[in-house]
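With PDB, C-alpha atoms and all ligand atoms inside, this is model32.pdb:
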```
ATOM      1  CA  MET O  41      -6.211 -18.549 -25.474
ATOM      2  CA  GLY O  42      -3.132 -16.953 -23.819
ATOM      3  CA  LEU O  43      -1.902 -17.431 -20.296
ATOM      4  CA  ARG O  44      -4.478 -16.496 -17.654
ATOM      5  CA  ILE O  45      -3.322 -14.859 -14.447
ATOM      6  CA  LYS O  46      -4.685 -16.096 -11.127
ATOM      7  CA  VAL O  47      -5.743 -13.090  -9.055
ATOM      8  CA  TYR O  48      -6.261 -13.425  -5.298
ATOM      9  CA  VAL O  49      -7.508 -10.899  -2.779
ATOM     10  CA  GLU O  50      -6.248 -11.703   0.714
ATOM     11  CA  THR O  51      -8.340 -10.195   3.479
ATOM     12  CA  ALA O  52      -5.640  -9.493   6.079
ATOM     13  CA  TRP O  53      -1.859  -9.322   6.008
ATOM     14  CA  LYS O  54      -1.607 -12.425   8.185
ATOM     15  CA  ALA O  55      -2.401 -14.402   5.011
ATOM     16  CA  MET O  56       1.049 -13.396   3.785
ATOM     17  CA  ASN O  57       2.424 -16.906   4.401
ATOM     18  CA  GLN O  58       0.172 -18.336   1.674
ATOM     19  CA  VAL O  59       1.162 -15.508  -0.642
ATOM     20  CA  ILE O  60       4.833 -16.263   0.020
ATOM     21  CA  GLN O  61       4.313 -19.959  -0.726
ATOM     22  CA  ARG O  62       2.607 -19.136  -4.032
ATOM     23  CA  ARG O  63       5.409 -16.666  -4.881
ATOM     24  CA  ASP O  64       2.888 -14.205  -6.275
ATOM     25  CA  ILE O  65       3.435 -10.618  -7.312
ATOM     26  CA  VAL O  66       2.093  -8.729  -4.290
ATOM     27  CA  VAL O  67       0.106  -5.519  -4.286
ATOM     28  CA  VAL O  68       0.014  -4.216  -0.714
ATOM     29  CA  VAL O  69      -3.126  -2.209   0.037
ATOM     30  CA  ASP O  70      -3.355  -0.246   3.271
ATOM     31  CA  VAL O  71      -5.446   2.532   1.852
ATOM     32  CA  LEU O  72      -5.948   4.267   5.246
ATOM     33  CA  ARG O  73      -3.273   5.337   5.163
ATOM     34  CA  ALA O  74       0.173   3.820   4.595
ATOM     35  CA  SER O  75      -0.192   2.857   0.940
ATOM     36  CA  THR O  76      -1.885   6.152   0.030
ATOM     37  CA  THR O  77       0.900   8.011   1.830
ATOM     38  CA  VAL O  78       3.662   6.093   0.032
ATOM     39  CA  VAL O  79       2.042   6.640  -3.386
ATOM     40  CA  ASN O  80       1.591  10.352  -2.693
ATOM     41  CA  ALA O  81       5.202  10.661  -1.491
ATOM     42  CA  PHE O  82       6.452   9.277  -4.821
ATOM     43  CA  ALA O  83       3.975  11.379  -6.784
ATOM     44  CA  ASN O  84       5.561  14.384  -5.068
ATOM     45  CA  GLY O  85       9.104  13.371  -5.915
ATOM     46  CA  ALA O  86      10.381  11.097  -3.115
ATOM     47  CA  VAL O  87      13.157   8.851  -4.427
ATOM     48  CA  ARG O  88      13.177   5.919  -1.980
ATOM     49  CA  VAL O  89      10.902   4.648   0.794
ATOM     50  CA  TYR O  90      12.263   2.059   3.246
ATOM     51  CA  PRO O  91       9.378   0.258   5.023
ATOM     52  CA  VAL O  92      10.480  -0.962   8.455
ATOM     53  CA  GLU O  93       8.561  -2.709  11.199
ATOM     54  CA  THR O  94       9.677  -0.936  14.352
ATOM     55  CA  ILE O  95      10.404   2.567  15.588
ATOM     56  CA  ARG O  96      13.800   1.315  16.756
ATOM     57  CA  GLU O  97      14.729   0.167  13.213
ATOM     58  CA  ALA O  98      13.634   3.526  11.827
ATOM     59  CA  TRP O  99      15.853   5.403  14.300
ATOM     60  CA  ALA O 100      18.793   3.075  13.557
ATOM     61  CA  MET O 101      18.493   3.935   9.875
ATOM     62  CA  LYS O 102      18.277   7.647  10.706
ATOM     63  CA  ARG O 103      21.473   7.429  12.767
ATOM     64  CA  GLU O 104      23.283   5.778   9.848
ATOM     65  CA  ASN O 105      21.924   8.270   7.344
ATOM     66  CA  PRO O 106      20.922  11.570   8.998
ATOM     67  CA  GLU O 107      19.561  12.902   5.704
ATOM     68  CA  ILE O 108      16.782  10.287   5.579
ATOM     69  CA  ILE O 109      13.329  11.519   6.689
ATOM     70  CA  LEU O 110      11.779   9.622   9.632
ATOM     71  CA  CYS O 111       8.093   8.971   8.938
ATOM     72  CA  GLY O 112       5.188   6.993  10.318
ATOM     73  CA  GLU O 113       2.592   6.565  13.011
ATOM     74  CA  ARG O 114       1.526   4.707  16.083
ATOM     75  CA  GLY O 115      -2.125   4.979  17.117
ATOM     76  CA  GLY O 116      -2.590   7.173  14.041
ATOM     77  CA  LEU O 117      -0.217   9.835  15.370
ATOM     78  CA  ARG O 118       3.372  10.857  14.585
ATOM     79  CA  PRO O 119       5.814   9.187  17.003
ATOM     80  CA  ARG O 120       7.901  11.555  19.135
ATOM     81  CA  GLY O 121      10.918  12.905  17.233
ATOM     82  CA  PHE O 122       9.626  11.813  13.820
ATOM     83  CA  GLU O 123       9.634  14.410  11.065
ATOM     84  CA  LEU O 124       6.464  13.275   9.263
ATOM     85  CA  GLY O 125       3.404  11.333  10.406
ATOM     86  CA  ASN O 126       1.252   9.086   8.225
ATOM     87  CA  SER O 127      -1.011  11.706   6.724
ATOM     88  CA  PRO O 128      -0.607  11.590   2.930
ATOM     89  CA  LEU O 129      -1.188  15.353   2.847
ATOM     90  CA  GLU O 130       2.009  16.005   4.792
ATOM     91  CA  TYR O 131       4.082  14.538   1.958
ATOM     92  CA  THR O 132       4.269  17.665  -0.136
ATOM     93  CA  SER O 133       6.816  18.220  -2.838
ATOM     94  CA  GLU O 134       8.561  20.834  -0.622
ATOM     95  CA  ARG O 135       9.121  18.180   2.012
ATOM     96  CA  VAL O 136       9.908  15.030   0.061
ATOM     97  CA  ARG O 137      11.194  15.876  -3.428
ATOM     98  CA  GLY O 138      14.555  14.187  -4.021
ATOM     99  CA  ARG O 139      14.570  12.599  -0.553
ATOM    100  CA  TRP O 140      14.838   9.117   0.957
ATOM    101  CA  LEU O 141      12.222   8.214   3.573
ATOM    102  CA  VAL O 142      12.168   5.542   6.267
ATOM    103  CA  MET O 143       8.639   4.696   7.329
ATOM    104  CA  THR O 144       7.130   2.601  10.113
ATOM    105  CA  THR O 145       3.369   2.231  10.607
ATOM    106  CA  THR O 146       1.220  -0.120  12.660
ATOM    107  CA  ASP O 147       0.257  -2.547   9.892
ATOM    108  CA  GLY O 148       1.060  -1.202   6.432
ATOM    109  CA  THR O 149       4.848  -1.106   6.476
ATOM    110  CA  ARG O 150       4.921  -4.441   8.280
ATOM    111  CA  ALA O 151       2.950  -6.048   5.447
ATOM    112  CA  MET O 152       5.180  -4.347   2.848
ATOM    113  CA  ASN O 153       8.256  -5.658   4.569
ATOM    114  CA  ARG O 154       6.963  -9.213   5.003
ATOM    115  CA  ALA O 155       5.930  -9.368   1.341
ATOM    116  CA  ARG O 156       9.629  -9.220   0.409
ATOM    117  CA  ALA O 157       9.871 -12.924   1.284
ATOM    118  CA  THR O 158       7.982 -13.785  -1.927
ATOM    119  CA  GLN O 159      11.231 -12.948  -3.769
ATOM    120  CA  ARG O 160       8.986 -11.223  -6.292
ATOM    121  CA  PRO O 161       8.335  -7.560  -7.005
ATOM    122  CA  VAL O 162       6.141  -5.923  -4.356
ATOM    123  CA  LEU O 163       3.894  -3.035  -5.437
ATOM    124  CA  VAL O 164       2.009  -0.436  -3.439
ATOM    125  CA  GLY O 165      -1.649  -0.059  -4.372
ATOM    126  CA  ALA O 166      -4.207   2.519  -3.289
ATOM    127  CA  CYS O 167      -7.335   4.108  -4.733
ATOM    128  CA  ILE O 168      -5.232   7.023  -5.967
ATOM    129  CA  ASN O 169      -3.196   4.716  -8.257
ATOM    130  CA  SER O 170      -5.568   1.741  -8.690
ATOM    131  CA  ALA O 171      -5.565   1.520 -12.500
ATOM    132  CA  ALA O 172      -1.791   1.903 -12.772
ATOM    133  CA  ALA O 173      -1.183  -0.676 -10.004
ATOM    134  CA  ALA O 174      -3.547  -3.152 -11.710
ATOM    135  CA  ARG O 175      -1.824  -2.693 -15.058
ATOM    136  CA  ARG O 176       1.671  -3.090 -13.649
ATOM    137  CA  ALA O 177       0.807  -6.148 -11.531
ATOM    138  CA  PHE O 178      -0.815  -7.846 -14.530
ATOM    139  CA  GLU O 179       2.215  -7.146 -16.760
ATOM    140  CA  LEU O 180       4.692  -8.399 -14.159
ATOM    141  CA  ALA O 181       2.663 -11.559 -13.531
ATOM    142  CA  GLY O 182       2.666 -12.271 -17.278
ATOM    143  CA  ASP O 183       6.429 -11.685 -17.509
ATOM    144  CA  LEU O 184       7.220 -13.861 -14.493
ATOM    145  CA  SER O 185       4.467 -16.488 -15.029
ATOM    146  CA  SER O 186       3.103 -15.927 -11.543
ATOM    147  CA  GLY O 187      -0.178 -15.042  -9.908
ATOM    148  CA  VAL O 188      -1.098 -11.722  -8.307
ATOM    149  CA  SER O 189      -2.056 -11.397  -4.650
ATOM    150  CA  ILE O 190      -3.689  -8.140  -3.691
ATOM    151  CA  VAL O 191      -3.255  -8.032   0.055
ATOM    152  CA  ALA O 192      -5.903  -5.969   1.829
ATOM    153  CA  VAL O 193      -3.755  -5.345   4.892
ATOM    154  CA  GLY O 194      -6.552  -4.827   7.437
ATOM    155  CA  ARG O 195      -5.986  -3.801  11.030
ATOM    156  CA  LYS O 196      -3.952  -5.666  13.605
ATOM    157  CA  GLY O 197      -4.437  -8.910  11.725
ATOM    158  CA  ASP O 198      -8.150  -8.475  11.066
ATOM    159  CA  PHE O 199     -10.284  -7.617   8.068
ATOM    160  CA  SER O 200     -10.961  -3.994   7.229
ATOM    161  CA  LEU O 201     -13.596  -2.858   4.789
ATOM    162  CA  GLU O 202     -11.736   0.027   3.150
ATOM    163  CA  ASP O 203      -8.731  -2.148   2.222
ATOM    164  CA  PHE O 204     -11.032  -4.852   0.841
ATOM    165  CA  LEU O 205     -12.857  -2.249  -1.263
ATOM    166  CA  CYS O 206      -9.616  -0.834  -2.611
ATOM    167  CA  ALA O 207      -8.341  -4.356  -3.382
ATOM    168  CA  GLY O 208     -11.566  -4.945  -5.355
ATOM    169  CA  LEU O 209     -11.048  -1.711  -7.234
ATOM    170  CA  ILE O 210      -7.577  -2.865  -8.307
ATOM    171  CA  ALA O 211      -8.638  -6.455  -9.128
ATOM    172  CA  GLY O 212     -11.554  -5.127 -11.187
ATOM    173  CA  LYS O 213      -9.159  -3.080 -13.324
ATOM    174  CA  MET O 214      -7.224  -6.111 -14.523
ATOM    175  CA  PRO O 215      -8.292  -7.434 -17.925
ATOM    176  CA  GLU O 216     -11.171  -9.800 -17.183
ATOM    177  CA  ASP O 217     -10.466 -12.089 -20.116
ATOM    178  CA  GLY O 218      -6.875 -12.593 -18.911
ATOM    179  CA  CYS O 219      -7.634 -13.401 -15.263
ATOM    180  CA  ASP O 220      -9.069 -16.141 -13.060
ATOM    181  CA  TYR O 221     -10.255 -14.654  -9.790
ATOM    182  CA  SER O 222     -10.403 -16.222  -6.329
ATOM    183  CA  ASP O 223     -13.783 -16.065  -4.578
ATOM    184  CA  ALA O 224     -12.553 -13.240  -2.342
ATOM    185  CA  ALA O 225     -11.408 -11.333  -5.423
ATOM    186  CA  LEU O 226     -14.838 -11.784  -7.033
ATOM    187  CA  ALA O 227     -16.556 -10.600  -3.840
ATOM    188  CA  ALA O 228     -14.312  -7.535  -3.608
ATOM    189  CA  ILE O 229     -14.848  -6.679  -7.278
ATOM    190  CA  SER O 230     -18.624  -6.966  -6.974
ATOM    191  CA  LEU O 231     -18.632  -4.503  -4.052
ATOM    192  CA  THR O 232     -16.815  -1.883  -6.095
ATOM    193  CA  GLU O 233     -18.741  -2.121  -9.327
ATOM    194  CA  ASP O 234     -20.651   1.006  -8.492
ATOM    195  CA  ALA O 235     -17.589   3.227  -8.083
ATOM    196  CA  ASP O 236     -19.624   6.446  -7.925
ATOM    197  CA  GLU O 237     -22.169   5.514  -5.269
ATOM    198  CA  SER O 238     -21.707   2.418  -3.171
ATOM    199  CA  PHE O 239     -17.912   2.660  -3.139
ATOM    200  CA  PRO O 240     -17.554   6.075  -1.419
ATOM    201  CA  THR O 241     -20.489   5.336   0.898
ATOM    202  CA  LEU O 242     -19.018   2.071   2.133
ATOM    203  CA  PHE O 243     -15.492   3.492   2.263
ATOM    204  CA  ASN O 244     -16.701   6.300   4.513
ATOM    205  CA  LYS O 245     -18.662   3.973   6.760
ATOM    206  CA  SER O 246     -15.633   1.793   7.547
ATOM    207  CA  SER O 247     -14.592   1.833  11.188
ATOM    208  CA  HIS O 248     -11.084   3.034  10.344
ATOM    209  CA  ALA O 249     -12.467   5.980   8.352
ATOM    210  CA  SER O 250     -14.696   6.894  11.313
ATOM    211  CA  GLU O 251     -11.798   6.695  13.771
ATOM    212  CA  LEU O 252      -9.606   8.915  11.614
ATOM    213  CA  LYS O 253     -12.445  11.445  11.339
ATOM    214  CA  ASP O 254     -12.844  11.330  15.130
ATOM    215  CA  ILE O 255      -9.211  12.354  15.637
ATOM    216  CA  GLY O 256      -9.494  15.219  13.136
ATOM    217  CA  LEU O 257      -8.019  13.371  10.142
ATOM    218  CA  GLY O 258     -11.106  13.387   7.915
ATOM    219  CA  ARG O 259      -9.140  15.114   5.154
ATOM    220  CA  ASP O 260      -6.959  12.018   4.851
ATOM    221  CA  VAL O 261     -10.049   9.860   4.309
ATOM    222  CA  VAL O 262     -11.278  12.161   1.544
ATOM    223  CA  PHE O 263      -7.858  12.223  -0.130
ATOM    224  CA  ALA O 264      -7.451   8.428   0.111
ATOM    225  CA  SER O 265     -10.801   7.787  -1.575
ATOM    226  CA  ASN O 266      -9.846   9.683  -4.760
ATOM    227  CA  ILE O 267      -9.709   7.230  -7.628
ATOM    228  CA  ASP O 268      -6.821   7.235 -10.126
ATOM    229  CA  LYS O 269      -5.347  10.605  -9.289
ATOM    230  CA  PHE O 270      -1.847   9.315 -10.115
ATOM    231  CA  ARG O 271      -0.126   6.791 -12.350
ATOM    232  CA  VAL O 272       2.884   6.137 -10.120
ATOM    233  CA  VAL O 273       3.391   2.595  -8.824
ATOM    234  CA  PRO O 274       6.059   2.262  -6.133
ATOM    235  CA  MET O 275       7.869  -1.055  -6.498
ATOM    236  CA  LEU O 276      10.261  -2.994  -4.309
ATOM    237  CA  GLU O 277      12.412  -5.227  -6.482
ATOM    238  CA  ARG O 278      13.448  -8.731  -5.559
ATOM    239  CA  GLY O 279      16.167  -8.598  -2.885
ATOM    240  CA  ALA O 280      15.740  -4.846  -2.291
ATOM    241  CA  SER O 281      14.770  -3.188   0.958
ATOM    242  CA  HIS O 282      13.226  -0.031  -0.441
ATOM    243  CA  PHE O 283      10.492   1.076  -2.820
ATOM    244  CA  LYS O 284      11.309   3.245  -5.798
ATOM    245  CA  LEU O 285       9.724   4.133  -9.106
ATOM    246  CA  GLU O 286      10.890   2.127 -12.110
TER     247      GLU O 286
HETATM  248  C1  LIG T   1      -1.130   1.402   9.330
HETATM  249  O1  LIG T   1      -0.121   1.152   8.637
HETATM  250  O2  LIG T   1      -1.484   0.672  10.263
HETATM  251  C2  LIG T   1      -2.026   2.571   8.986
HETATM  252  O3  LIG T   1      -1.641   3.202   7.855
HETATM  253  C3  LIG T   1      -2.601   3.278  10.158
HETATM  254  C4  LIG T   1      -2.926   4.754   9.983
HETATM  255  O4  LIG T   1      -2.043   5.595  10.035
HETATM  256  O5  LIG T   1      -4.079   5.137   9.793
END
```
Could you write out this file's structure as structure tokens?
Ligand code: MLT
Amino acid sequence: MGLRIKVYVETAWKAMNQVIQRRDIVVVVDVLRASTTVVNAFANGAVRVYPVETIREAWAMKRENPEIILCGERGGLRPRGFELGNSPLEYTSERVRGRWLVMTTTDGTRAMNRARATQRPVLVGACINSAAAARRAFELAGDLSSGVSIVAVGRKGDFSLEDFLCAGLIAGKMPEDGCDYSDAALAAISLTEDADESFPTLFNKSSHASELKDIGLGRDVVFASNIDKFRVVPMLERGASHFKLE
């Protein structure tokens, strides 16, 4: 039997320290909405995305490179002076093709940035690229003899259902006979086995989905729950500070 890959699902980005110690390939999942937004930006032709933790860092990068597009959210909304918010639907080809983006969001870009400390490739996973993200993470883990940690980012350090579901979707698309799953990974996979019925129902019932609908962003929830719309997998290489496509 060949090498088996250990696959973990972490249930909030605060578990990143364990992921860093294991030096796993990381798949960052903040499906509502940062990871969906980043995947859609690349699908529409963006060339680089720099994830940064603060609004101040984003502005500093903009001052150094006025051509870069300032993107992100606080409280779900576009910060003052930013060109794009965190709605994946804003990232049209007219707006992002050929461009570099700097992005800061409440949790997602923070997790992406912290994952760099693994000194391993960091991937962005969402429902819209789940199969491609699973395939790429599995290949990289085989090449580098490492495990895979799918980090369900959650909200402000806590668990969130939609990220856990999306992490299960990705874990469940890795070849079963080549993987050993953590208990959390098995739980996440079992919740997503019925991708047509229970998955969209649970996804929609999550508190984050309800809050986005309450502030008029229901279209983002619908878009984010599309499964395997794209094959692009944004990747941040070891030592790099931006995502790109390979
Ligand atoms: C985040 O990174 O915290 C999120 O993507 C929040 C959001 O915009 O819905």
Selection result for the PyMOL selection byres (((chain O and resi 227) around 12) and not hetatm) on this file, as a list in words:
Tyr48, Val49, Glu50, Thr51, Leu201, Phe204, Leu205, Ala207, Gly208, Leu209, Ala211, Gly212, Tyr221, Ser222, Asp223, Ala224, Ala225, Leu226, Ala228, Ile229, Ser230, Leu231, Thr232 and Glu233 of chain O
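Put simply, atom CA of O:Met214 is 17.9 Å away from atom CA of O:Phe239.
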Apply the PyMOL selection byres (((not hetatm)) within 9 of (chain T and resi 1)) to the displayed file and report the matching residues as a PyMOL selection string.
chain O and resi 70-77+112-118+125-127+144-151+193-196+248-249+251-252+260
From the set O:Gln61, O:Ser265, O:Asn105, O:Thr94, which residue has the shortest atom-to-atom contact distance to O:Trp140, counting only C-alpha atoms?
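The shortest atom-to-atom distance to O:Trp140 comes from O:Asn105.
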Given the file shown, enumerate the residues that the PyMOL selection byres (((chain O and resi 169-179) around 6) and not hetatm) captures and present them as a count of residues only.
14
Considering only C-alpha atoms, can you say which of O:Arg88, O:Arg156, O:Lys102, O:Arg120 comes closest to O:Val136?
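So, comparing all the options, the nearest one is O:Arg88.
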If you measure from atom CA of O:Pro119 to atom CA of O:Val89, what distance in Å do you get, rounded to one decimal?
17.6 Å
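In this comparison, which uses all atoms listed in the file, the residue of O:Ile267, O:Ile45, O:Val78, O:Glu216 approaching O:Met152 most closely is O:Val78.
Separating atom CA of O:Leu43 from atom CA of O:Val191 is a distance of 22.5 Å.
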Considering only C-alpha atoms, state which residue in the set O:Asp203, O:Glu123, O:Glu286, O:Asp217 is at the smallest distance from O:Ala264.
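Of the candidates, the smallest distance to O:Ala264 is held by O:Asp203.
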Can you work out which one of O:Asn266, O:Ser250, O:Ser133, O:Ser186 has the shortest atom-to-atom distance to O:Gln159, counting only C-alpha atoms?
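For O:Gln159, the nearest of the given residues is O:Ser186.
Among the candidate residues O:Phe82, O:Ile109, O:Val162, O:Ile95, the one lying nearest to O:Ile190 is O:Val162, with distances computed using only C-alpha atoms.
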Please determine an axis-aligned box that encloses all atoms of stretch 271-277 of chain O listed in the file, with 3 Å added on each side, and express its centre and edge lengths in Å to one decimal as lines of an AutoDock Vina configuration file.
```
center_x = 6.1
center_y = 0.8
center_z = -8.3
size_x = 18.5
size_y = 18.0
size_z = 14.0
```
Find the residues with any atom within 9 Å of (0.0, 14.5, -8.9); use only C-alpha atoms and the coordinates as given in the file, and write the answer as a PDB file with C-alpha atoms, in the coordinates of the input.
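The result, written out as out07.pdb:
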```pdb
ATOM      1  CA  ASN O  80       1.591  10.352  -2.693  1.00  0.00           C
ATOM      2  CA  ALA O  83       3.975  11.379  -6.784  1.00  0.00           C
ATOM      3  CA  ASN O  84       5.561  14.384  -5.068  1.00  0.00           C
ATOM      4  CA  LYS O 269      -5.347  10.605  -9.289  1.00  0.00           C
ATOM      5  CA  PHE O 270      -1.847   9.315 -10.115  1.00  0.00           C
ATOM      6  CA  ARG O 271      -0.126   6.791 -12.350  1.00  0.00           C
ATOM      7  CA  VAL O 272       2.884   6.137 -10.120  1.00  0.00           C
TER       8      VAL O 272
END
```
Once you count only C-alpha atoms, which residues end up no further than 6 Å from (2.3, -5.7, -2.8) in the file's frame, shown as JSON, numbers by chain?
{"O": [66, 67, 68, 162, 163, 164]}
As an mmCIF file, in the frame of the given file, please: stretch 46-55 of chain O completed to all heavy atoms.
```cif
data_model
loop_
_atom_site.group_PDB
_atom_site.id
_atom_site.type_symbol
_atom_site.label_atom_id
_atom_site.label_comp_id
_atom_site.auth_asym_id
_atom_site.auth_seq_id
_atom_site.Cartn_x
_atom_site.Cartn_y
_atom_site.Cartn_z
ATOM 1 N N LYS O 46 -3.835 -15.859 -12.295
ATOM 2 C CA LYS O 46 -4.685 -16.096 -11.127
ATOM 3 C C LYS O 46 -4.579 -14.875 -10.204
ATOM 4 O O LYS O 46 -3.471 -14.452 -9.841
ATOM 5 C CB LYS O 46 -4.207 -17.364 -10.405
ATOM 6 C CG LYS O 46 -5.046 -17.732 -9.204
ATOM 7 C CD LYS O 46 -6.336 -18.443 -9.577
ATOM 8 C CE LYS O 46 -7.261 -18.523 -8.363
ATOM 9 N NZ LYS O 46 -8.473 -19.257 -8.532
ATOM 10 N N VAL O 47 -5.720 -14.304 -9.884
ATOM 11 C CA VAL O 47 -5.743 -13.090 -9.055
ATOM 12 C C VAL O 47 -6.445 -13.399 -7.726
ATOM 13 O O VAL O 47 -7.607 -13.811 -7.713
ATOM 14 C CB VAL O 47 -6.472 -11.937 -9.777
ATOM 15 C CG1 VAL O 47 -6.540 -10.689 -8.897
ATOM 16 C CG2 VAL O 47 -5.783 -11.619 -11.101
ATOM 17 N N TYR O 48 -5.713 -13.209 -6.638
ATOM 18 C CA TYR O 48 -6.261 -13.425 -5.298
ATOM 19 C C TYR O 48 -6.427 -12.078 -4.594
ATOM 20 O O TYR O 48 -5.613 -11.172 -4.785
ATOM 21 C CB TYR O 48 -5.292 -14.236 -4.433
ATOM 22 C CG TYR O 48 -4.950 -15.605 -4.953
ATOM 23 C CD1 TYR O 48 -3.923 -15.768 -5.880
ATOM 24 C CD2 TYR O 48 -5.648 -16.733 -4.511
ATOM 25 C CE1 TYR O 48 -3.593 -17.022 -6.362
ATOM 26 C CE2 TYR O 48 -5.318 -17.988 -4.994
ATOM 27 C CZ TYR O 48 -4.299 -18.131 -5.912
ATOM 28 O OH TYR O 48 -3.970 -19.377 -6.393
ATOM 29 N N VAL O 49 -7.466 -11.989 -3.767
ATOM 30 C CA VAL O 49 -7.508 -10.899 -2.779
ATOM 31 C C VAL O 49 -7.404 -11.571 -1.424
ATOM 32 O O VAL O 49 -8.179 -12.478 -1.112
ATOM 33 C CB VAL O 49 -8.813 -10.073 -2.896
ATOM 34 C CG1 VAL O 49 -9.013 -9.195 -1.653
ATOM 35 C CG2 VAL O 49 -8.772 -9.180 -4.140
ATOM 36 N N GLU O 50 -6.394 -11.181 -0.658
ATOM 37 C CA GLU O 50 -6.248 -11.703 0.714
ATOM 38 C C GLU O 50 -6.820 -10.669 1.667
ATOM 39 O O GLU O 50 -6.605 -9.469 1.493
ATOM 40 C CB GLU O 50 -4.781 -12.000 1.034
ATOM 41 C CG GLU O 50 -4.152 -13.068 0.142
ATOM 42 C CD GLU O 50 -4.794 -14.447 0.279
ATOM 43 O OE1 GLU O 50 -5.594 -14.652 1.215
ATOM 44 O OE2 GLU O 50 -4.512 -15.319 -0.570
ATOM 45 N N THR O 51 -7.535 -11.138 2.698
ATOM 46 C CA THR O 51 -8.340 -10.195 3.479
ATOM 47 C C THR O 51 -7.666 -9.724 4.777
ATOM 48 O O THR O 51 -8.304 -9.052 5.574
ATOM 49 C CB THR O 51 -9.707 -10.810 3.808
ATOM 50 O OG1 THR O 51 -9.484 -12.059 4.452
ATOM 51 C CG2 THR O 51 -10.516 -11.038 2.550
ATOM 52 N N ALA O 52 -6.423 -10.053 4.967
ATOM 53 C CA ALA O 52 -5.640 -9.493 6.079
ATOM 54 C C ALA O 52 -4.179 -9.875 5.846
ATOM 55 O O ALA O 52 -3.903 -10.893 5.206
ATOM 56 C CB ALA O 52 -6.110 -10.039 7.422
ATOM 57 N N TRP O 53 -3.261 -9.067 6.360
ATOM 58 C CA TRP O 53 -1.859 -9.322 6.008
ATOM 59 C C TRP O 53 -1.338 -10.605 6.616
ATOM 60 O O TRP O 53 -0.317 -11.145 6.181
ATOM 61 C CB TRP O 53 -0.958 -8.135 6.316
ATOM 62 C CG TRP O 53 -0.679 -7.822 7.753
ATOM 63 C CD1 TRP O 53 -1.297 -6.884 8.514
ATOM 64 C CD2 TRP O 53 0.319 -8.408 8.577
ATOM 65 N NE1 TRP O 53 -0.750 -6.868 9.776
ATOM 66 C CE2 TRP O 53 0.249 -7.796 9.830
ATOM 67 C CE3 TRP O 53 1.280 -9.406 8.382
ATOM 68 C CZ2 TRP O 53 1.078 -8.134 10.896
ATOM 69 C CZ3 TRP O 53 2.113 -9.757 9.431
ATOM 70 C CH2 TRP O 53 2.007 -9.118 10.675
ATOM 71 N N LYS O 54 -2.072 -11.163 7.589
ATOM 72 C CA LYS O 54 -1.607 -12.425 8.185
ATOM 73 C C LYS O 54 -1.677 -13.576 7.190
ATOM 74 O O LYS O 54 -1.122 -14.637 7.431
ATOM 75 C CB LYS O 54 -2.385 -12.712 9.456
ATOM 76 C CG LYS O 54 -2.052 -11.668 10.511
ATOM 77 C CD LYS O 54 -1.930 -12.212 11.901
ATOM 78 C CE LYS O 54 -1.154 -11.217 12.754
ATOM 79 N NZ LYS O 54 -1.620 -11.079 14.089
ATOM 80 N N ALA O 55 -2.371 -13.363 6.060
ATOM 81 C CA ALA O 55 -2.401 -14.402 5.011
ATOM 82 C C ALA O 55 -1.112 -14.396 4.194
ATOM 83 O O ALA O 55 -0.993 -15.129 3.211
ATOM 84 C CB ALA O 55 -3.594 -14.177 4.098
#
```
